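A short worksheet on the structure shown next.
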Amino acid sequence: MKRIKRFTLPEKKDIFNKTLGHCHFCGDALIFERRGRNPYPPLSGQWEIDHVVQVSRGGKESIENNLPICTQCNMLRWFRSGNNLREILRLGLVAKDEVIKDSATGKKLVELNSAREIKKQSRRSKPKTNPI
Ligand SMILES: [Zn+2]
């Protein structure tokens with residue numbers, strides 16, 4: 001497993017300031033002290049450092065190749081390509097319309113989304129087992 005670079009505090013501030021403290025994906029304001037994956041679910045303003053070009057695709061572990069992203073965006077985006085994300089966003093717009101209309105499809109989507117969140121949270125709250 002490739003080791004991820006640990007940026008120093010001044011480097012983290014440089015990355016944070018590249019977008020004036022906003023998520024490079026959604027534009028929401030971030031809080032510098034709330035960096036990291038924990039707690040879950042993420043707090044408002046919680047953020048992480050995101051590679052512009054993935055290391056696996058030749059991206060560098062440098063300030064230039066990293067931007068701040070809110071933890072929620074980063075968790076949703078996880079390993080998805082641009083085309084895949086655009087498809088998800090388009091489907092999301094259709095889904096949102098159905099939810100707003102309170103149609104049968106919209107009600108089902110709300111139900112499925114709630115079930116997905118519950119499943120995700122139960123997976124995260126399981127204690128980690130020692131592999132020995
Ligand atoms: Zn965001």
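Residues in the structure tokens are named by chain (A, B, ... in the order shown) and by number from 1 within that chain; ligands are numbered from 1 in the order shown.
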
Residues of range 20-131 of chain A classed as helix (DSSP H, G or I) by DSSP on the backbone are to be reported as a JSON list (two decimals) with C-alpha atoms, in the first residue's frame.
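Written file, states14.json:
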[["chain", "number", "residue", "atom", "x", "y", "z"],
["A", 55, "VAL", "CA", -1.49, 9.54, -7.47],
["A", 56, "SER", "CA", -2.40, 6.34, -9.32],
["A", 57, "ARG", "CA", -2.73, 8.46, -12.49],
["A", 71, "THR", "CA", -15.61, 15.57, 3.66],
["A", 72, "GLN", "CA", -19.16, 15.01, 2.45],
["A", 73, "CYS", "CA", -18.23, 15.75, -1.19],
["A", 74, "ASN", "CA", -15.11, 13.60, -0.92],
["A", 75, "MET", "CA", -17.08, 10.66, 0.46],
["A", 76, "LEU", "CA", -19.70, 10.94, -2.32],
["A", 77, "ARG", "CA", -17.12, 11.34, -5.04],
["A", 82, "GLY", "CA", -16.07, 12.91, -14.14],
["A", 83, "ASN", "CA", -18.52, 11.18, -16.51],
["A", 84, "ASN", "CA", -19.77, 8.95, -13.72],
["A", 85, "LEU", "CA", -20.28, 11.95, -11.44],
["A", 86, "ARG", "CA", -22.16, 13.90, -14.13],
["A", 87, "GLU", "CA", -24.47, 10.91, -14.67],
["A", 88, "ILE", "CA", -25.11, 10.73, -10.91],
["A", 89, "LEU", "CA", -25.86, 14.47, -10.78],
["A", 90, "ARG", "CA", -28.28, 14.23, -13.72],
["A", 91, "LEU", "CA", -30.08, 11.31, -12.10],
["A", 92, "GLY", "CA", -30.07, 13.26, -8.85],
["A", 93, "LEU", "CA", -31.90, 16.15, -10.53],
["A", 94, "VAL", "CA", -34.58, 13.78, -11.82],
["A", 95, "ALA", "CA", -34.83, 12.16, -8.39],
["A", 96, "LYS", "CA", -35.05, 15.55, -6.62],
["A", 97, "ASP", "CA", -37.97, 16.56, -8.89],
["A", 98, "GLU", "CA", -39.80, 13.35, -7.97],
["A", 99, "VAL", "CA", -39.20, 13.96, -4.25],
["A", 100, "ILE", "CA", -40.44, 17.58, -4.53],
["A", 101, "LYS", "CA", -43.56, 16.40, -6.40],
["A", 104, "ALA", "CA", -44.83, 7.49, -5.59],
["A", 105, "THR", "CA", -41.34, 7.34, -7.12],
["A", 106, "GLY", "CA", -40.24, 10.26, -4.92],
["A", 107, "LYS", "CA", -41.53, 8.54, -1.79],
["A", 108, "LYS", "CA", -39.71, 5.35, -2.76],
["A", 109, "LEU", "CA", -36.50, 7.30, -3.37],
["A", 110, "VAL", "CA", -36.70, 8.90, 0.10],
["A", 111, "GLU", "CA", -37.24, 5.44, 1.59],
["A", 112, "LEU", "CA", -34.29, 3.94, -0.34],
["A", 113, "ASN", "CA", -32.03, 6.87, 0.61],
["A", 114, "SER", "CA", -32.89, 6.50, 4.30],
["A", 115, "ALA", "CA", -32.23, 2.75, 4.16],
["A", 116, "ARG", "CA", -28.88, 3.40, 2.47],
["A", 117, "GLU", "CA", -27.84, 5.88, 5.19],
["A", 118, "ILE", "CA", -28.86, 3.49, 7.97],
["A", 119, "LYS", "CA", -26.90, 0.66, 6.35],
["A", 120, "LYS", "CA", -23.86, 2.92, 5.92],
["A", 121, "GLN", "CA", -23.97, 4.12, 9.54],
["A", 122, "SER", "CA", -24.34, 0.59, 10.92],
["A", 123, "ARG", "CA", -21.31, -0.50, 8.87],
["A", 124, "ARG", "CA", -19.28, 2.37, 10.34],
["A", 125, "SER", "CA", -20.34, 1.79, 13.95]]

Show me a table, sorted first by chain and then by increasing residue number, of the residues of chain A having an atom at most 12 Å from ligand 1, each with its shortest atom pair and the distance in Å to one decimal, counting only C-alpha atoms and all ligand atoms and written as JSON lines.
{"residue": "A:Thr19", "atom": "CA", "partner": "ligand 1", "partner_atom_place_in_ligand_line": "1 (Zn)", "distance": 11.7}
{"residue": "A:Gly21", "atom": "CA", "partner": "ligand 1", "partner_atom_place_in_ligand_line": "1 (Zn)", "distance": 11.1}
{"residue": "A:His22", "atom": "CA", "partner": "ligand 1", "partner_atom_place_in_ligand_line": "1 (Zn)", "distance": 7.9}
{"residue": "A:Cys23", "atom": "CA", "partner": "ligand 1", "partner_atom_place_in_ligand_line": "1 (Zn)", "distance": 4.6}
{"residue": "A:His24", "atom": "CA", "partner": "ligand 1", "partner_atom_place_in_ligand_line": "1 (Zn)", "distance": 6.7}
{"residue": "A:Phe25", "atom": "CA", "partner": "ligand 1", "partner_atom_place_in_ligand_line": "1 (Zn)", "distance": 4.9}
{"residue": "A:Cys26", "atom": "CA", "partner": "ligand 1", "partner_atom_place_in_ligand_line": "1 (Zn)", "distance": 4.0}
{"residue": "A:Gly27", "atom": "CA", "partner": "ligand 1", "partner_atom_place_in_ligand_line": "1 (Zn)", "distance": 6.0}
{"residue": "A:Asp28", "atom": "CA", "partner": "ligand 1", "partner_atom_place_in_ligand_line": "1 (Zn)", "distance": 5.7}
{"residue": "A:Ala29", "atom": "CA", "partner": "ligand 1", "partner_atom_place_in_ligand_line": "1 (Zn)", "distance": 8.4}
{"residue": "A:Leu30", "atom": "CA", "partner": "ligand 1", "partner_atom_place_in_ligand_line": "1 (Zn)", "distance": 8.7}
{"residue": "A:Pro42", "atom": "CA", "partner": "ligand 1", "partner_atom_place_in_ligand_line": "1 (Zn)", "distance": 11.3}
{"residue": "A:Leu43", "atom": "CA", "partner": "ligand 1", "partner_atom_place_in_ligand_line": "1 (Zn)", "distance": 11.8}
{"residue": "A:Ser44", "atom": "CA", "partner": "ligand 1", "partner_atom_place_in_ligand_line": "1 (Zn)", "distance": 9.9}
{"residue": "A:Gly45", "atom": "CA", "partner": "ligand 1", "partner_atom_place_in_ligand_line": "1 (Zn)", "distance": 8.8}
{"residue": "A:Gln46", "atom": "CA", "partner": "ligand 1", "partner_atom_place_in_ligand_line": "1 (Zn)", "distance": 9.3}
{"residue": "A:Trp47", "atom": "CA", "partner": "ligand 1", "partner_atom_place_in_ligand_line": "1 (Zn)", "distance": 8.2}
{"residue": "A:Glu48", "atom": "CA", "partner": "ligand 1", "partner_atom_place_in_ligand_line": "1 (Zn)", "distance": 9.9}
{"residue": "A:Ile49", "atom": "CA", "partner": "ligand 1", "partner_atom_place_in_ligand_line": "1 (Zn)", "distance": 11.6}
{"residue": "A:Asp50", "atom": "CA", "partner": "ligand 1", "partner_atom_place_in_ligand_line": "1 (Zn)", "distance": 11.0}
{"residue": "A:Leu67", "atom": "CA", "partner": "ligand 1", "partner_atom_place_in_ligand_line": "1 (Zn)", "distance": 11.2}
{"residue": "A:Pro68", "atom": "CA", "partner": "ligand 1", "partner_atom_place_in_ligand_line": "1 (Zn)", "distance": 8.8}
{"residue": "A:Ile69", "atom": "CA", "partner": "ligand 1", "partner_atom_place_in_ligand_line": "1 (Zn)", "distance": 5.5}
{"residue": "A:Cys70", "atom": "CA", "partner": "ligand 1", "partner_atom_place_in_ligand_line": "1 (Zn)", "distance": 4.2}
{"residue": "A:Thr71", "atom": "CA", "partner": "ligand 1", "partner_atom_place_in_ligand_line": "1 (Zn)", "distance": 7.0}
{"residue": "A:Gln72", "atom": "CA", "partner": "ligand 1", "partner_atom_place_in_ligand_line": "1 (Zn)", "distance": 6.3}
{"residue": "A:Cys73", "atom": "CA", "partner": "ligand 1", "partner_atom_place_in_ligand_line": "1 (Zn)", "distance": 4.4}
{"residue": "A:Asn74", "atom": "CA", "partner": "ligand 1", "partner_atom_place_in_ligand_line": "1 (Zn)", "distance": 7.2}
{"residue": "A:Met75", "atom": "CA", "partner": "ligand 1", "partner_atom_place_in_ligand_line": "1 (Zn)", "distance": 9.7}
{"residue": "A:Leu76", "atom": "CA", "partner": "ligand 1", "partner_atom_place_in_ligand_line": "1 (Zn)", "distance": 9.4}
{"residue": "A:Arg77", "atom": "CA", "partner": "ligand 1", "partner_atom_place_in_ligand_line": "1 (Zn)", "distance": 9.8}

Put those residues in a file: N, CA and C atoms, as a PDB file, in the first residue's frame.
ATOM      1  N   THR A  19      -8.331  27.950  -2.095  1.00  0.00           N
ATOM      2  CA  THR A  19      -9.725  28.229  -2.477  1.00  0.00           C
ATOM      3  C   THR A  19     -10.363  29.215  -1.491  1.00  0.00           C
ATOM      4  N   GLY A  21     -10.544  28.883   1.595  1.00  0.00           N
ATOM      5  CA  GLY A  21     -11.275  28.132   2.613  1.00  0.00           C
ATOM      6  C   GLY A  21     -12.621  27.603   2.166  1.00  0.00           C
ATOM      7  N   HIS A  22     -12.739  27.275   0.889  1.00  0.00           N
ATOM      8  CA  HIS A  22     -13.993  26.717   0.381  1.00  0.00           C
ATOM      9  C   HIS A  22     -13.731  25.381  -0.303  1.00  0.00           C
ATOM     10  N   CYS A  23     -14.738  24.517  -0.299  1.00  0.00           N
ATOM     11  CA  CYS A  23     -14.651  23.224  -0.975  1.00  0.00           C
ATOM     12  C   CYS A  23     -14.486  23.464  -2.471  1.00  0.00           C
ATOM     13  N   HIS A  24     -13.485  22.846  -3.081  1.00  0.00           N
ATOM     14  CA  HIS A  24     -13.269  23.070  -4.512  1.00  0.00           C
ATOM     15  C   HIS A  24     -14.346  22.399  -5.350  1.00  0.00           C
ATOM     16  N   PHE A  25     -15.135  21.540  -4.739  1.00  0.00           N
ATOM     17  CA  PHE A  25     -16.156  20.806  -5.479  1.00  0.00           C
ATOM     18  C   PHE A  25     -17.519  21.514  -5.423  1.00  0.00           C
ATOM     19  N   CYS A  26     -17.998  21.818  -4.209  1.00  0.00           N
ATOM     20  CA  CYS A  26     -19.339  22.415  -4.065  1.00  0.00           C
ATOM     21  C   CYS A  26     -19.298  23.896  -3.701  1.00  0.00           C
ATOM     22  N   GLY A  27     -18.150  24.400  -3.239  1.00  0.00           N
ATOM     23  CA  GLY A  27     -18.033  25.818  -2.913  1.00  0.00           C
ATOM     24  C   GLY A  27     -18.424  26.185  -1.497  1.00  0.00           C
ATOM     25  N   ASP A  28     -18.860  25.214  -0.690  1.00  0.00           N
ATOM     26  CA  ASP A  28     -19.241  25.530   0.688  1.00  0.00           C
ATOM     27  C   ASP A  28     -18.023  25.981   1.499  1.00  0.00           C
ATOM     28  N   ALA A  29     -18.286  26.839   2.493  1.00  0.00           N
ATOM     29  CA  ALA A  29     -17.216  27.322   3.378  1.00  0.00           C
ATOM     30  C   ALA A  29     -16.732  26.192   4.281  1.00  0.00           C
ATOM     31  N   LEU A  30     -15.423  26.149   4.502  1.00  0.00           N
ATOM     32  CA  LEU A  30     -14.798  25.128   5.343  1.00  0.00           C
ATOM     33  C   LEU A  30     -14.248  25.774   6.601  1.00  0.00           C
ATOM     34  N   PRO A  42     -20.080  13.634   8.840  1.00  0.00           N
ATOM     35  CA  PRO A  42     -19.240  14.837   8.883  1.00  0.00           C
ATOM     36  C   PRO A  42     -20.000  16.072   9.360  1.00  0.00           C
ATOM     37  N   LEU A  43     -19.280  16.958  10.052  1.00  0.00           N
ATOM     38  CA  LEU A  43     -19.842  18.229  10.509  1.00  0.00           C
ATOM     39  C   LEU A  43     -19.804  19.241   9.367  1.00  0.00           C
ATOM     40  N   SER A  44     -20.595  20.276   9.497  1.00  0.00           N
ATOM     41  CA  SER A  44     -20.542  21.376   8.540  1.00  0.00           C
ATOM     42  C   SER A  44     -19.137  21.980   8.579  1.00  0.00           C
ATOM     43  N   GLY A  45     -18.539  22.200   7.424  1.00  0.00           N
ATOM     44  CA  GLY A  45     -17.210  22.798   7.356  1.00  0.00           C
ATOM     45  C   GLY A  45     -16.068  21.808   7.506  1.00  0.00           C
ATOM     46  N   GLN A  46     -16.380  20.546   7.732  1.00  0.00           N
ATOM     47  CA  GLN A  46     -15.332  19.516   7.858  1.00  0.00           C
ATOM     48  C   GLN A  46     -14.729  19.271   6.471  1.00  0.00           C
ATOM     49  N   TRP A  47     -13.413  19.110   6.405  1.00  0.00           N
ATOM     50  CA  TRP A  47     -12.769  19.027   5.103  1.00  0.00           C
ATOM     51  C   TRP A  47     -11.585  18.076   5.090  1.00  0.00           C
ATOM     52  N   GLU A  48     -11.155  17.773   3.873  1.00  0.00           N
ATOM     53  CA  GLU A  48     -10.009  16.887   3.654  1.00  0.00           C
ATOM     54  C   GLU A  48      -9.163  17.479   2.530  1.00  0.00           C
ATOM     55  N   ILE A  49      -8.013  16.899   2.338  1.00  0.00           N
ATOM     56  CA  ILE A  49      -7.132  17.317   1.246  1.00  0.00           C
ATOM     57  C   ILE A  49      -7.357  16.353   0.088  1.00  0.00           C
ATOM     58  N   ASP A  50      -7.600  16.897  -1.097  1.00  0.00           N
ATOM     59  CA  ASP A  50      -7.997  16.096  -2.250  1.00  0.00           C
ATOM     60  C   ASP A  50      -7.000  16.269  -3.403  1.00  0.00           C
ATOM     61  N   LEU A  67      -6.180  20.177  -3.320  1.00  0.00           N
ATOM     62  CA  LEU A  67      -7.132  21.232  -3.010  1.00  0.00           C
ATOM     63  C   LEU A  67      -7.989  20.795  -1.821  1.00  0.00           C
ATOM     64  N   PRO A  68      -8.577  21.764  -1.108  1.00  0.00           N
ATOM     65  CA  PRO A  68      -9.480  21.378  -0.029  1.00  0.00           C
ATOM     66  C   PRO A  68     -10.846  20.948  -0.587  1.00  0.00           C
ATOM     67  N   ILE A  69     -11.401  19.912   0.006  1.00  0.00           N
ATOM     68  CA  ILE A  69     -12.734  19.430  -0.388  1.00  0.00           C
ATOM     69  C   ILE A  69     -13.493  19.116   0.893  1.00  0.00           C
ATOM     70  N   CYS A  70     -14.784  19.401   0.939  1.00  0.00           N
ATOM     71  CA  CYS A  70     -15.516  19.057   2.158  1.00  0.00           C
ATOM     72  C   CYS A  70     -15.621  17.535   2.240  1.00  0.00           C
ATOM     73  N   THR A  71     -15.614  17.024   3.453  1.00  0.00           N
ATOM     74  CA  THR A  71     -15.606  15.573   3.664  1.00  0.00           C
ATOM     75  C   THR A  71     -16.815  14.923   3.004  1.00  0.00           C
ATOM     76  N   GLN A  72     -17.957  15.597   3.063  1.00  0.00           N
ATOM     77  CA  GLN A  72     -19.161  15.008   2.445  1.00  0.00           C
ATOM     78  C   GLN A  72     -18.986  14.847   0.938  1.00  0.00           C
ATOM     79  N   CYS A  73     -18.457  15.858   0.257  1.00  0.00           N
ATOM     80  CA  CYS A  73     -18.226  15.746  -1.193  1.00  0.00           C
ATOM     81  C   CYS A  73     -17.213  14.637  -1.473  1.00  0.00           C
ATOM     82  N   ASN A  74     -16.156  14.595  -0.678  1.00  0.00           N
ATOM     83  CA  ASN A  74     -15.112  13.600  -0.924  1.00  0.00           C
ATOM     84  C   ASN A  74     -15.649  12.182  -0.753  1.00  0.00           C
ATOM     85  N   MET A  75     -16.520  11.987   0.227  1.00  0.00           N
ATOM     86  CA  MET A  75     -17.080  10.655   0.457  1.00  0.00           C
ATOM     87  C   MET A  75     -18.043  10.272  -0.672  1.00  0.00           C
ATOM     88  N   LEU A  76     -18.773  11.231  -1.213  1.00  0.00           N
ATOM     89  CA  LEU A  76     -19.695  10.941  -2.318  1.00  0.00           C
ATOM     90  C   LEU A  76     -18.937  10.686  -3.610  1.00  0.00           C
ATOM     91  N   ARG A  77     -17.855  11.393  -3.792  1.00  0.00           N
ATOM     92  CA  ARG A  77     -17.119  11.337  -5.041  1.00  0.00           C
ATOM     93  C   ARG A  77     -16.221  10.113  -5.169  1.00  0.00           C
TER      94      ARG A  77
END
